Amino acid sequence: MNLNLLLLIPILTATAVLFCKGLKQVRTVSFLGSALQLALSFILMYYYWQERTAGNNAAFLFEDNFTWFAPLHINYHIGVDGISIAMILLTSFVVFAGILVSWKMEQLSKEFFFLLLFLSVGAYGFFISLDLFTLFFFLELAVIPKFLLIGIWGSGKKEYSAMKLALMLMGGSALVFVGLAGLFFNTNTGDGSHTFDILQIAQMHIPVAVQKLFFPFVFIGFGIFGALFPFHTWVPDGHSSAPTAASMFLAGISMKLGGYGCLRVATYLMPDAAQQYSTIIIVLSCIAILYGAFATMMQTDLKYINAYSSVSHCGFVLLGIGMLTRTAITGAVMQMVSHGLMTALFFACIGMIYDRTHTRQMSQLGGLLKIMPFVSTVFVIAGLCSLGLPGFSGFVAEVTVFMGSWEHKEAFYKISTIIACASIVVTAVYILRAVGKAIMGPLAKTEYGLLKDAAWNERVAAGLLIIGIVAIGVAPFWLNQLVGPGAESIMNNISNAAVIK
Amino acid sequence: MNYSSYIALIPLLPLAGFVLLGLFGKKYFKTFSGTIGIFLLLASTVLALYTAYQYFFINGKVNDVYQSIIPVKYTWLQFSSGTSIDMGIILDPISVMMMVVVTFVSLMVHIFSLGYMKSEERFGTYYSFLSLFTFSMLGLVVASNIFQIYIFWELVGVSSYLLIGFYYDRPSAVAASKKAFVVTRFADLGFLIGILILAFEGGTLDFNTLIQRLTDTQSSQFISITTASFLGVSVLTWALTLVFIGGAGKSAMFPLHIWLPDAMEGPTPVSALIHAATMVVAGVYLVARLFPVFSINESSLHIVTWVGMFSALLAAIIACTQTDIKRVLAFSTMSQIGYMMFALGVAHKNGETGLGYTASMFHLFTHAFFKSLLFLCAGAIIHLVHSNEMQDMGGLRKFMPVTHLTFLIACLAIAGIPPFAGFFSKEEILLATYHANKIVYVIALFTSGLTAFYMFRLYFSIFWNKPKELHGHPHEGTFSMKFPLIILATGTMVAGFIPFGHYVSSDGKILETPFHLNFSIAPVLFALTGILLALWMYKKESNRPHRVASALGGLYHSAYKKFYMDEIYLFITKKIIFNLVGRPANWIDKNIVDGTMNGIAYSTAKISGWIKGIQSGKVQGYALYFFSGIILLVIVVLYLWK
């Protein structure tokens, strides 16, 4: 399987979109491109299983490596393990659904779809990169379109939000870059030269002092993407001003870049520092989980509710990473996938409601179940997934994180786990409050009676995301098996580091 | 005999019903949905009865001891080498008994709903939710893994949520469904943490292994969990108490009972199934499932006993004052579950001391019959009167003879009058408490008098008293509504004669439960007193109830207000959690966290404004900076020179 295809298809689709005329052509091309990409990610998983069952135990499969800029040892090095495949699957699901819900985007449609596809190139590239510089390059690719998507197609105080988001994420990127440069200059390939190659760095032992210095840069930098407390404030404003598809991409994909980066770069390459800083990470993520949940409880705008709840849910990702056990890290990756699908579904659904009622305020909504049974059912499903109901993906991920966290013996870890667990109650409160106000109850306004239920494109988009959520929720073992070995190799690195020390 | 071939179908058939009716019910099946649901469940019920027959009479025993058999099991989610969530089916006396109860009562409710929900627009949805509930409840009772029970625990919770909120355009139903879910969720938090502790200490999530490790006094797990302590209480006690909190939430034990009366907003057949016969006894079932572990830990058993006792008494007192017939029944359910709980609490493992265990399960079994019967009768009455309030009813015995007779049977059963089912099971409970704890026995005896009083208060005010004006031609419902009543009434009459100890006992061996005539005099006398008091007060319209109420004054009033529990909760949630936690969190986020970010941005912009000002392009300005710089340097140099 050639991984370059994963980049080639979105690039070609994006280019083709530039030559299209009119909304119809643009959306058809984007649709086909993203459908092809979705199929491709399944094929990728299929080949991956084949390799694994054939006994190929290499950490990364389907590697491809050629020199990009020799003087600085920058290589275009790509490859995947189970974790990246899970993230690629997530991305292709969200992109496909995002294209579908933007079906009627008439304003500057060509540019809109181009930017969406461009963003996805960045995400795919990021998840398959095995070279720090390439990884950073793709990370930047994924940032720029967001600014434009919010600034041009957004709503509300969009300029402020676009600027805030771009500045904070750029700030995060800058921190990441400092960290990566620091790592680079402390590598030694044996002949005195440096390397950006993740696999090579993982084999080396970076001096502990260097790790301790640069770990915070990388972790906080990526953490800003992943809504690390207290750098999460771009999340609510950014999401609420963004157009529907951009919100889906932002929460479903971009925030996952952060989690993946924390795991693949910070924890994997700087295992000693990861252990030393784990207490701080756990404290911060527990704050994010519980405090995010309480802040959500006070929101009145549906998008703000989902955005703040994302802060809380992404806290589980960082908690899992901070706990540093195999199970917890597996849980963190599962939570990334689960949250990506669930939040994309939620935003899609909120978008559908907003398109029809022109409001996202809960006080203006009510009784939608009567007139829009499909949209309302989807909303309830997304909500139930968010509050961690078994049968949906959220439960599986959260439970895996809890079980992984509880493997530690010390009281500190137990208390943090209990704090994280406590959020399931608060989550139930705010989700059921939103469902009760917006979906159930008497019809808020008589003119809502004329509104139409979801169109085919919206049904397909929602259906696809629900299939993803249920597939994980009902049969989690496949995802567990996919992600497990990846988490294992990260853990091996950490235990090796402990031995060397 | 291979169990696995068909046994998985028992829960899976209702699941198929849920998927089928949920996806296509509204569009394609319409009124046919009910029939599909009923047939699928009928198949499940037959299979469950067959399994029970196989288990109890053919191959459940080895050396006269009932075994715990796991015919189906597969790994669902592997955490580490020892711990995994498995989906499996466990067959032991209590799970088989529960399987029969759940499928049977659910079938009756399915049939009853055919008439009761006939004119409902979302008929298909209703049946799909019922199927979802039945599936989840069956999954719960057959769980072989403690996390499996938690998974289905949550699923029954959500089915209950969906069904309570079935009439979603009523704000009261929406509020009630939310309350039920959130309160039980809060309790589930305890359950979850309890599971985590047990899993960590026991090194497994599998029930049988867990129980075996934690009850073997030689095992390292046992030693570690009993010697380790937190805040002076052993970890085992913590774990069991936390698990019990989960059970108390589901089973509406004080102080987590507040959701149950409100849950009566749902359609009445749903109350019969979920909030009377099956889901609310899940907490009792959970304690019974882990009973071997509970029985080695006195402190947690004490908690179970006293919480059960207090709930039984409190609910019975409140039930005497309520006027909504469904709420009376709800409090009565809570009170009866309290009986089951303290019966478990006073029991021990092995032989005669395990009487409480058998009695508790027996009461659970008989209660399922007569309580679902009571609720279905209430449904029939509400269907006729279009009101839940007692004052809108009276003299109904003329219009609904079948309902009248079956309701009377159920009332006699719950009051503990021989030879109805409730008499036998309550008798066993009282016997068990008599031997174990005299204080509990006295309170239980008094409560059984109260039970008889409030049930016959209901009976006389509905079917006797002064007839009220009714619109149109009042008549009983369709055959589909009468049939389940008759079946359940038959069950109520015969279930008491089952020698329950032969099948369900704490150690799997046969437990003889002889009948003591002398012992039963006191409870029956108490019951008769209650009935006579109700007769005196409610048979004919009079101002006696009013006089009694005013004589009791404050006690009556606070019982009527349910001892202000709702108000206390409202104060805690609205005033404390919302205003003192939620609001500050939001404020901090807006002003401090985000404010800092905005502040940084603002100061950056300001500073860049100054710097921009420096590079103004004016030569005079540059000259000024130049000379100021020189002067500054000169001063510094001179200063250093000294």
# chains A, B, ... in the order shown; residues from 1 in each chain; ligands from 1

$ residues_around --residues "Ser92 (chain A)" --least-positions-apart "4" --cutoff "7 Å" --atoms "only C-alpha atoms" --output "PyMOL selection string"
chain A and resi 37-38+88+96

$ write_last_selection --atoms "C-alpha atoms" --output "compact mmCIF listing (two decimals), in the first residue's frame"
# COMPACT_ATOMS: atom_id res chain seq x y z
CA GLN A 37 -10.42 8.90 0.38
CA LEU A 38 -12.85 7.21 2.76
CA ILE A 88 -6.81 8.63 9.39
CA PHE A 96 -16.79 13.11 4.06

$ interface_residues --of "chain B" --to "chain A" --cutoff "9 Å" --atoms "only C-alpha atoms" --output "VMD selection string"
chain B and resid 75 to 80 150 to 152 154 to 155 158 165 167 to 175 177 to 179 181 to 183 185 to 186 188 to 189 192 to 193 196 to 197 199 to 200 577 to 578 581 to 587 589 to 590 593 to 594 597 to 598 601

$ write_last_selection --atoms "N, CA and C atoms" --output "compact mmCIF listing (two decimals), in the first residue's frame"
# COMPACT_ATOMS: atom_id res chain seq x y z
N THR B 75 -14.89 -12.09 24.76
CA THR B 75 -14.20 -10.89 25.24
C THR B 75 -14.63 -9.69 24.43
N TRP B 76 -15.02 -8.68 25.13
CA TRP B 76 -15.55 -7.50 24.45
C TRP B 76 -14.50 -6.41 24.39
N LEU B 77 -13.83 -6.21 25.50
CA LEU B 77 -12.81 -5.18 25.55
C LEU B 77 -11.75 -5.62 26.54
N GLN B 78 -10.55 -5.84 26.01
CA GLN B 78 -9.45 -6.33 26.84
C GLN B 78 -8.66 -5.13 27.36
N PHE B 79 -8.49 -5.04 28.65
CA PHE B 79 -7.68 -3.93 29.19
C PHE B 79 -6.25 -4.38 29.39
N SER B 80 -6.07 -5.37 30.25
CA SER B 80 -4.73 -5.92 30.42
C SER B 80 -4.92 -7.43 30.54
N TYR B 150 -22.65 -3.22 34.63
CA TYR B 150 -22.66 -1.75 34.61
C TYR B 150 -23.15 -1.24 33.25
N ILE B 151 -22.69 -1.88 32.18
CA ILE B 151 -23.10 -1.46 30.84
C ILE B 151 -24.62 -1.55 30.71
N PHE B 152 -25.17 -2.68 31.10
CA PHE B 152 -26.61 -2.84 30.94
C PHE B 152 -27.37 -2.02 31.98
N GLU B 154 -26.55 0.97 32.76
CA GLU B 154 -26.72 2.27 32.12
C GLU B 154 -27.80 2.19 31.04
N LEU B 155 -27.83 1.08 30.34
CA LEU B 155 -28.81 0.95 29.25
C LEU B 155 -30.23 0.89 29.79
N VAL B 158 -31.14 4.40 30.49
CA VAL B 158 -31.53 5.25 29.37
C VAL B 158 -32.88 4.81 28.81
N GLY B 165 -39.89 9.98 29.52
CA GLY B 165 -40.10 11.17 28.71
C GLY B 165 -40.86 10.88 27.44
N TYR B 167 -44.01 11.06 26.69
CA TYR B 167 -44.89 12.18 26.33
C TYR B 167 -44.05 13.45 26.38
N TYR B 168 -43.20 13.61 25.37
CA TYR B 168 -42.13 14.60 25.47
C TYR B 168 -42.63 16.03 25.41
N ASP B 169 -43.87 16.25 24.99
CA ASP B 169 -44.31 17.64 24.94
C ASP B 169 -44.85 18.14 26.28
N ARG B 170 -44.88 17.26 27.28
CA ARG B 170 -45.26 17.72 28.61
C ARG B 170 -44.00 18.11 29.37
N PRO B 171 -43.90 19.35 29.78
CA PRO B 171 -42.69 19.75 30.52
C PRO B 171 -42.47 18.91 31.77
N SER B 172 -43.54 18.48 32.42
CA SER B 172 -43.34 17.68 33.64
C SER B 172 -42.69 16.34 33.31
N ALA B 173 -43.05 15.75 32.17
CA ALA B 173 -42.44 14.48 31.79
C ALA B 173 -40.97 14.67 31.46
N VAL B 174 -40.67 15.77 30.79
CA VAL B 174 -39.27 16.05 30.45
C VAL B 174 -38.45 16.20 31.72
N ALA B 175 -38.99 16.98 32.66
CA ALA B 175 -38.27 17.20 33.91
C ALA B 175 -38.09 15.89 34.68
N SER B 177 -38.00 12.83 33.47
CA SER B 177 -37.05 11.91 32.84
C SER B 177 -35.63 12.35 33.14
N LYS B 178 -35.43 13.65 33.10
CA LYS B 178 -34.09 14.18 33.37
C LYS B 178 -33.68 13.86 34.81
N LYS B 179 -34.61 14.07 35.70
CA LYS B 179 -34.32 13.84 37.11
C LYS B 179 -33.97 12.38 37.35
N PHE B 181 -32.74 10.24 35.33
CA PHE B 181 -31.43 9.87 34.78
C PHE B 181 -30.31 10.45 35.62
N VAL B 182 -30.44 11.72 35.96
CA VAL B 182 -29.33 12.37 36.66
C VAL B 182 -29.14 11.77 38.06
N VAL B 183 -30.24 11.54 38.77
CA VAL B 183 -30.09 10.98 40.12
C VAL B 183 -29.46 9.60 40.06
N ARG B 185 -27.63 8.50 37.70
CA ARG B 185 -26.26 8.66 37.22
C ARG B 185 -25.32 8.98 38.38
N PHE B 186 -25.82 9.82 39.25
CA PHE B 186 -25.02 10.19 40.41
C PHE B 186 -24.70 8.93 41.22
N ASP B 188 -24.65 5.96 40.03
CA ASP B 188 -23.78 5.10 39.22
C ASP B 188 -22.32 5.48 39.34
N LEU B 189 -22.08 6.75 39.65
CA LEU B 189 -20.70 7.17 39.87
C LEU B 189 -20.10 6.34 40.99
N LEU B 192 -19.46 2.89 39.72
CA LEU B 192 -18.28 2.84 38.84
C LEU B 192 -17.00 2.81 39.66
N ILE B 193 -16.93 3.69 40.65
CA ILE B 193 -15.71 3.72 41.47
C ILE B 193 -15.57 2.41 42.25
N LEU B 196 -14.14 -0.06 39.97
CA LEU B 196 -12.70 0.16 39.76
C LEU B 196 -11.90 -0.40 40.93
N ILE B 197 -12.40 -0.17 42.15
CA ILE B 197 -11.67 -0.67 43.32
C ILE B 197 -11.66 -2.21 43.31
N ALA B 199 -12.06 -4.21 40.83
CA ALA B 199 -11.28 -4.73 39.72
C ALA B 199 -9.79 -4.65 40.03
N PHE B 200 -9.40 -3.54 40.64
CA PHE B 200 -7.99 -3.36 40.94
C PHE B 200 -7.54 -4.35 42.00
N ILE B 577 -24.86 23.94 43.57
CA ILE B 577 -24.05 23.50 42.43
C ILE B 577 -24.10 24.50 41.29
N PHE B 578 -25.30 24.93 40.97
CA PHE B 578 -25.43 25.85 39.85
C PHE B 578 -24.77 27.19 40.16
N VAL B 581 -20.88 26.69 41.93
CA VAL B 581 -19.83 26.01 41.17
C VAL B 581 -19.91 26.37 39.69
N GLY B 582 -21.07 26.13 39.09
CA GLY B 582 -21.21 26.36 37.66
C GLY B 582 -20.96 27.81 37.27
N ARG B 583 -21.64 28.70 37.96
CA ARG B 583 -21.52 30.12 37.60
C ARG B 583 -20.10 30.64 37.77
N PRO B 584 -19.46 30.37 38.92
CA PRO B 584 -18.06 30.82 39.04
C PRO B 584 -17.15 30.21 37.98
N ALA B 585 -17.35 28.92 37.66
CA ALA B 585 -16.50 28.30 36.64
C ALA B 585 -16.63 29.06 35.34
N ASN B 586 -17.86 29.38 34.99
CA ASN B 586 -18.09 30.10 33.76
C ASN B 586 -17.48 31.50 33.82
N TRP B 587 -17.64 32.15 34.99
CA TRP B 587 -17.11 33.51 35.14
C TRP B 587 -15.59 33.52 35.04
N ASP B 589 -13.77 31.39 33.55
CA ASP B 589 -13.34 31.12 32.19
C ASP B 589 -13.44 32.36 31.32
N LYS B 590 -14.57 33.07 31.46
CA LYS B 590 -14.77 34.27 30.62
C LYS B 590 -13.77 35.36 31.00
N VAL B 593 -9.36 33.34 32.77
CA VAL B 593 -8.55 32.57 31.82
C VAL B 593 -8.52 33.25 30.47
N ASP B 594 -9.73 33.50 29.95
CA ASP B 594 -9.78 34.14 28.65
C ASP B 594 -9.31 35.59 28.76
N MET B 597 -5.68 35.77 28.33
CA MET B 597 -5.32 35.64 26.91
C MET B 597 -5.57 36.95 26.18
N ASN B 598 -6.75 37.51 26.40
CA ASN B 598 -7.07 38.77 25.75
C ASN B 598 -6.13 39.86 26.22
N ALA B 601 -2.94 39.62 24.41
CA ALA B 601 -3.12 40.14 23.05
C ALA B 601 -3.17 41.66 23.08

$ residues_around --residues "region 116-133 of chain A" --least-positions-apart "3" --cutoff "7 Å" --atoms "only C-alpha atoms" --output "ChimeraX atom specification"
/A:6-7,10-11,14,74-80,84,87-88,112-113,136-139,141-142,145,180,196-199

$ write_last_selection --atoms "N, CA and C atoms" --output "PDB file, in the first residue's frame"
ATOM      1  N   LEU A   6      -2.662   8.706   0.036  1.00  0.00           N
ATOM      2  CA  LEU A   6      -3.468   9.398   1.040  1.00  0.00           C
ATOM      3  C   LEU A   6      -3.334  10.914   0.930  1.00  0.00           C
ATOM      4  N   LEU A   7      -2.175  11.357   0.426  1.00  0.00           N
ATOM      5  CA  LEU A   7      -1.990  12.787   0.232  1.00  0.00           C
ATOM      6  C   LEU A   7      -2.404  13.193  -1.170  1.00  0.00           C
ATOM      7  N   PRO A  10      -6.473  13.862  -1.868  1.00  0.00           N
ATOM      8  CA  PRO A  10      -7.006  15.176  -1.485  1.00  0.00           C
ATOM      9  C   PRO A  10      -6.362  16.335  -2.242  1.00  0.00           C
ATOM     10  N   ILE A  11      -5.062  16.199  -2.543  1.00  0.00           N
ATOM     11  CA  ILE A  11      -4.417  17.295  -3.289  1.00  0.00           C
ATOM     12  C   ILE A  11      -5.045  17.411  -4.669  1.00  0.00           C
ATOM     13  N   ALA A  14      -8.529  18.829  -4.408  1.00  0.00           N
ATOM     14  CA  ALA A  14      -8.505  20.269  -4.138  1.00  0.00           C
ATOM     15  C   ALA A  14      -8.160  21.036  -5.405  1.00  0.00           C
ATOM     16  N   ILE A  74      16.406  17.028   6.490  1.00  0.00           N
ATOM     17  CA  ILE A  74      14.947  16.957   6.463  1.00  0.00           C
ATOM     18  C   ILE A  74      14.546  15.907   5.442  1.00  0.00           C
ATOM     19  N   ASN A  75      13.764  14.955   5.898  1.00  0.00           N
ATOM     20  CA  ASN A  75      13.322  13.897   4.994  1.00  0.00           C
ATOM     21  C   ASN A  75      11.816  13.881   4.916  1.00  0.00           C
ATOM     22  N   TYR A  76      11.354  13.440   3.768  1.00  0.00           N
ATOM     23  CA  TYR A  76       9.927  13.166   3.658  1.00  0.00           C
ATOM     24  C   TYR A  76       9.772  11.707   4.044  1.00  0.00           C
ATOM     25  N   HIS A  77       9.508  11.474   5.314  1.00  0.00           N
ATOM     26  CA  HIS A  77       9.458  10.100   5.818  1.00  0.00           C
ATOM     27  C   HIS A  77       8.050   9.847   6.349  1.00  0.00           C
ATOM     28  N   ILE A  78       7.394   8.870   5.728  1.00  0.00           N
ATOM     29  CA  ILE A  78       6.031   8.584   6.177  1.00  0.00           C
ATOM     30  C   ILE A  78       5.879   7.105   6.519  1.00  0.00           C
ATOM     31  N   GLY A  79       4.870   6.825   7.288  1.00  0.00           N
ATOM     32  CA  GLY A  79       4.595   5.450   7.701  1.00  0.00           C
ATOM     33  C   GLY A  79       3.450   5.473   8.697  1.00  0.00           C
ATOM     34  N   VAL A  80       2.829   4.319   8.906  1.00  0.00           N
ATOM     35  CA  VAL A  80       1.683   4.312   9.818  1.00  0.00           C
ATOM     36  C   VAL A  80       1.789   3.181  10.830  1.00  0.00           C
ATOM     37  N   SER A  84      -2.038   5.854  13.999  1.00  0.00           N
ATOM     38  CA  SER A  84      -2.244   6.761  12.859  1.00  0.00           C
ATOM     39  C   SER A  84      -3.412   6.298  12.008  1.00  0.00           C
ATOM     40  N   MET A  87      -6.549   7.489  13.425  1.00  0.00           N
ATOM     41  CA  MET A  87      -6.751   8.923  13.194  1.00  0.00           C
ATOM     42  C   MET A  87      -7.105   9.207  11.730  1.00  0.00           C
ATOM     43  N   ILE A  88      -6.503   8.433  10.812  1.00  0.00           N
ATOM     44  CA  ILE A  88      -6.811   8.632   9.392  1.00  0.00           C
ATOM     45  C   ILE A  88      -8.260   8.262   9.109  1.00  0.00           C
ATOM     46  N   PHE A 112     -14.515  27.725  -0.582  1.00  0.00           N
ATOM     47  CA  PHE A 112     -14.874  27.023   0.645  1.00  0.00           C
ATOM     48  C   PHE A 112     -14.452  25.558   0.591  1.00  0.00           C
ATOM     49  N   PHE A 113     -14.870  24.884  -0.470  1.00  0.00           N
ATOM     50  CA  PHE A 113     -14.533  23.458  -0.571  1.00  0.00           C
ATOM     51  C   PHE A 113     -13.034  23.259  -0.720  1.00  0.00           C
ATOM     52  N   PHE A 136       5.712  19.057  11.209  1.00  0.00           N
ATOM     53  CA  PHE A 136       5.436  20.442  11.514  1.00  0.00           C
ATOM     54  C   PHE A 136       4.883  21.172  10.296  1.00  0.00           C
ATOM     55  N   PHE A 137       5.432  20.840   9.153  1.00  0.00           N
ATOM     56  CA  PHE A 137       4.974  21.448   7.904  1.00  0.00           C
ATOM     57  C   PHE A 137       3.470  21.187   7.707  1.00  0.00           C
ATOM     58  N   PHE A 138       3.074  19.947   7.897  1.00  0.00           N
ATOM     59  CA  PHE A 138       1.661  19.613   7.700  1.00  0.00           C
ATOM     60  C   PHE A 138       0.779  20.234   8.791  1.00  0.00           C
ATOM     61  N   LEU A 139       1.340  20.367   9.967  1.00  0.00           N
ATOM     62  CA  LEU A 139       0.580  21.005  11.047  1.00  0.00           C
ATOM     63  C   LEU A 139       0.230  22.437  10.648  1.00  0.00           C
ATOM     64  N   LEU A 141       0.048  23.600   7.613  1.00  0.00           N
ATOM     65  CA  LEU A 141      -0.914  23.555   6.505  1.00  0.00           C
ATOM     66  C   LEU A 141      -2.338  23.504   7.033  1.00  0.00           C
ATOM     67  N   ALA A 142      -2.506  22.812   8.148  1.00  0.00           N
ATOM     68  CA  ALA A 142      -3.853  22.634   8.666  1.00  0.00           C
ATOM     69  C   ALA A 142      -4.342  23.848   9.437  1.00  0.00           C
ATOM     70  N   PRO A 145      -6.005  27.371   6.777  1.00  0.00           N
ATOM     71  CA  PRO A 145      -7.378  27.399   6.242  1.00  0.00           C
ATOM     72  C   PRO A 145      -8.426  27.741   7.289  1.00  0.00           C
ATOM     73  N   LEU A 180      10.873  21.327  18.804  1.00  0.00           N
ATOM     74  CA  LEU A 180      11.416  20.432  17.786  1.00  0.00           C
ATOM     75  C   LEU A 180      12.858  20.804  17.464  1.00  0.00           C
ATOM     76  N   PHE A 196      15.881  14.665  12.107  1.00  0.00           N
ATOM     77  CA  PHE A 196      14.498  14.964  12.450  1.00  0.00           C
ATOM     78  C   PHE A 196      13.670  13.684  12.504  1.00  0.00           C
ATOM     79  N   ASP A 197      14.313  12.561  12.229  1.00  0.00           N
ATOM     80  CA  ASP A 197      13.550  11.325  12.026  1.00  0.00           C
ATOM     81  C   ASP A 197      13.013  10.775  13.356  1.00  0.00           C
ATOM     82  N   ILE A 198      11.708  10.601  13.415  1.00  0.00           N
ATOM     83  CA  ILE A 198      11.096  10.163  14.672  1.00  0.00           C
ATOM     84  C   ILE A 198      11.603   8.792  15.097  1.00  0.00           C
ATOM     85  N   LEU A 199      11.712   7.885  14.133  1.00  0.00           N
ATOM     86  CA  LEU A 199      12.126   6.531  14.485  1.00  0.00           C
ATOM     87  C   LEU A 199      13.537   6.515  15.035  1.00  0.00           C
TER      88      LEU A 199
END

$ closest_residue --among "B:Gly508, B:Gly595, B:Gly416, B:Gly629" --to "Asn350 (chain B)" --atoms "only C-alpha atoms"
B:Gly508

$ atom_distance --atom1 "CA of Val337 (chain A)" --atom2 "CA of Gly252 (chain A)"
8.3 Å

$ select_by_dssp --residues "region 73-201 of chain A" --states "strand (DSSP E or B)" --output "PyMOL selection string"
chain A and resi 74-80+129+131+197

$ closest_residue --among "B:Leu431, B:Ala436, B:Ile531, B:Val494" --to "Phe519 (chain B)" --atoms "only C-alpha atoms"
B:Leu431

$ decode --residues "region 348-364 of chain B" --atoms "N, CA and C atoms" --output "PDB file, in the first residue's frame"
ATOM      1  N   HIS B 348     -26.928 -14.189  56.078  1.00  0.00           N
ATOM      2  CA  HIS B 348     -25.531 -14.611  55.968  1.00  0.00           C
ATOM      3  C   HIS B 348     -25.465 -15.750  54.988  1.00  0.00           C
ATOM      4  N   LYS B 349     -24.253 -16.066  54.613  1.00  0.00           N
ATOM      5  CA  LYS B 349     -24.115 -17.185  53.702  1.00  0.00           C
ATOM      6  C   LYS B 349     -24.191 -18.475  54.532  1.00  0.00           C
ATOM      7  N   ASN B 350     -24.650 -19.502  53.884  1.00  0.00           N
ATOM      8  CA  ASN B 350     -24.702 -20.846  54.462  1.00  0.00           C
ATOM      9  C   ASN B 350     -25.962 -21.115  55.291  1.00  0.00           C
ATOM     10  N   GLY B 351     -26.615 -22.191  54.913  1.00  0.00           N
ATOM     11  CA  GLY B 351     -27.676 -22.812  55.691  1.00  0.00           C
ATOM     12  C   GLY B 351     -28.778 -21.896  56.163  1.00  0.00           C
ATOM     13  N   GLU B 352     -29.178 -22.118  57.427  1.00  0.00           N
ATOM     14  CA  GLU B 352     -30.316 -21.416  57.994  1.00  0.00           C
ATOM     15  C   GLU B 352     -30.106 -19.902  58.025  1.00  0.00           C
ATOM     16  N   THR B 353     -28.871 -19.467  58.270  1.00  0.00           N
ATOM     17  CA  THR B 353     -28.626 -18.033  58.366  1.00  0.00           C
ATOM     18  C   THR B 353     -28.877 -17.344  57.029  1.00  0.00           C
ATOM     19  N   GLY B 354     -28.940 -18.123  55.983  1.00  0.00           N
ATOM     20  CA  GLY B 354     -29.184 -17.545  54.656  1.00  0.00           C
ATOM     21  C   GLY B 354     -30.651 -17.353  54.349  1.00  0.00           C
ATOM     22  N   LEU B 355     -31.499 -17.505  55.341  1.00  0.00           N
ATOM     23  CA  LEU B 355     -32.936 -17.389  55.095  1.00  0.00           C
ATOM     24  C   LEU B 355     -33.297 -16.032  54.488  1.00  0.00           C
ATOM     25  N   GLY B 356     -32.664 -14.983  54.992  1.00  0.00           N
ATOM     26  CA  GLY B 356     -32.966 -13.642  54.494  1.00  0.00           C
ATOM     27  C   GLY B 356     -32.735 -13.535  52.995  1.00  0.00           C
ATOM     28  N   TYR B 357     -31.693 -14.187  52.537  1.00  0.00           N
ATOM     29  CA  TYR B 357     -31.366 -14.159  51.107  1.00  0.00           C
ATOM     30  C   TYR B 357     -32.488 -14.779  50.299  1.00  0.00           C
ATOM     31  N   THR B 358     -32.888 -15.969  50.713  1.00  0.00           N
ATOM     32  CA  THR B 358     -33.978 -16.642  50.012  1.00  0.00           C
ATOM     33  C   THR B 358     -35.250 -15.804  50.085  1.00  0.00           C
ATOM     34  N   ALA B 359     -35.520 -15.255  51.286  1.00  0.00           N
ATOM     35  CA  ALA B 359     -36.741 -14.474  51.467  1.00  0.00           C
ATOM     36  C   ALA B 359     -36.736 -13.254  50.580  1.00  0.00           C
ATOM     37  N   SER B 360     -35.570 -12.605  50.489  1.00  0.00           N
ATOM     38  CA  SER B 360     -35.472 -11.400  49.670  1.00  0.00           C
ATOM     39  C   SER B 360     -35.779 -11.720  48.207  1.00  0.00           C
ATOM     40  N   MET B 361     -35.175 -12.773  47.716  1.00  0.00           N
ATOM     41  CA  MET B 361     -35.400 -13.146  46.321  1.00  0.00           C
ATOM     42  C   MET B 361     -36.850 -13.592  46.104  1.00  0.00           C
ATOM     43  N   PHE B 362     -37.390 -14.256  47.119  1.00  0.00           N
ATOM     44  CA  PHE B 362     -38.779 -14.705  47.032  1.00  0.00           C
ATOM     45  C   PHE B 362     -39.710 -13.489  46.958  1.00  0.00           C
ATOM     46  N   HIS B 363     -39.408 -12.522  47.798  1.00  0.00           N
ATOM     47  CA  HIS B 363     -40.253 -11.330  47.798  1.00  0.00           C
ATOM     48  C   HIS B 363     -40.128 -10.575  46.480  1.00  0.00           C
ATOM     49  N   LEU B 364     -38.908 -10.555  45.959  1.00  0.00           N
ATOM     50  CA  LEU B 364     -38.690  -9.920  44.655  1.00  0.00           C
ATOM     51  C   LEU B 364     -39.573 -10.592  43.608  1.00  0.00           C
TER      52      LEU B 364
END
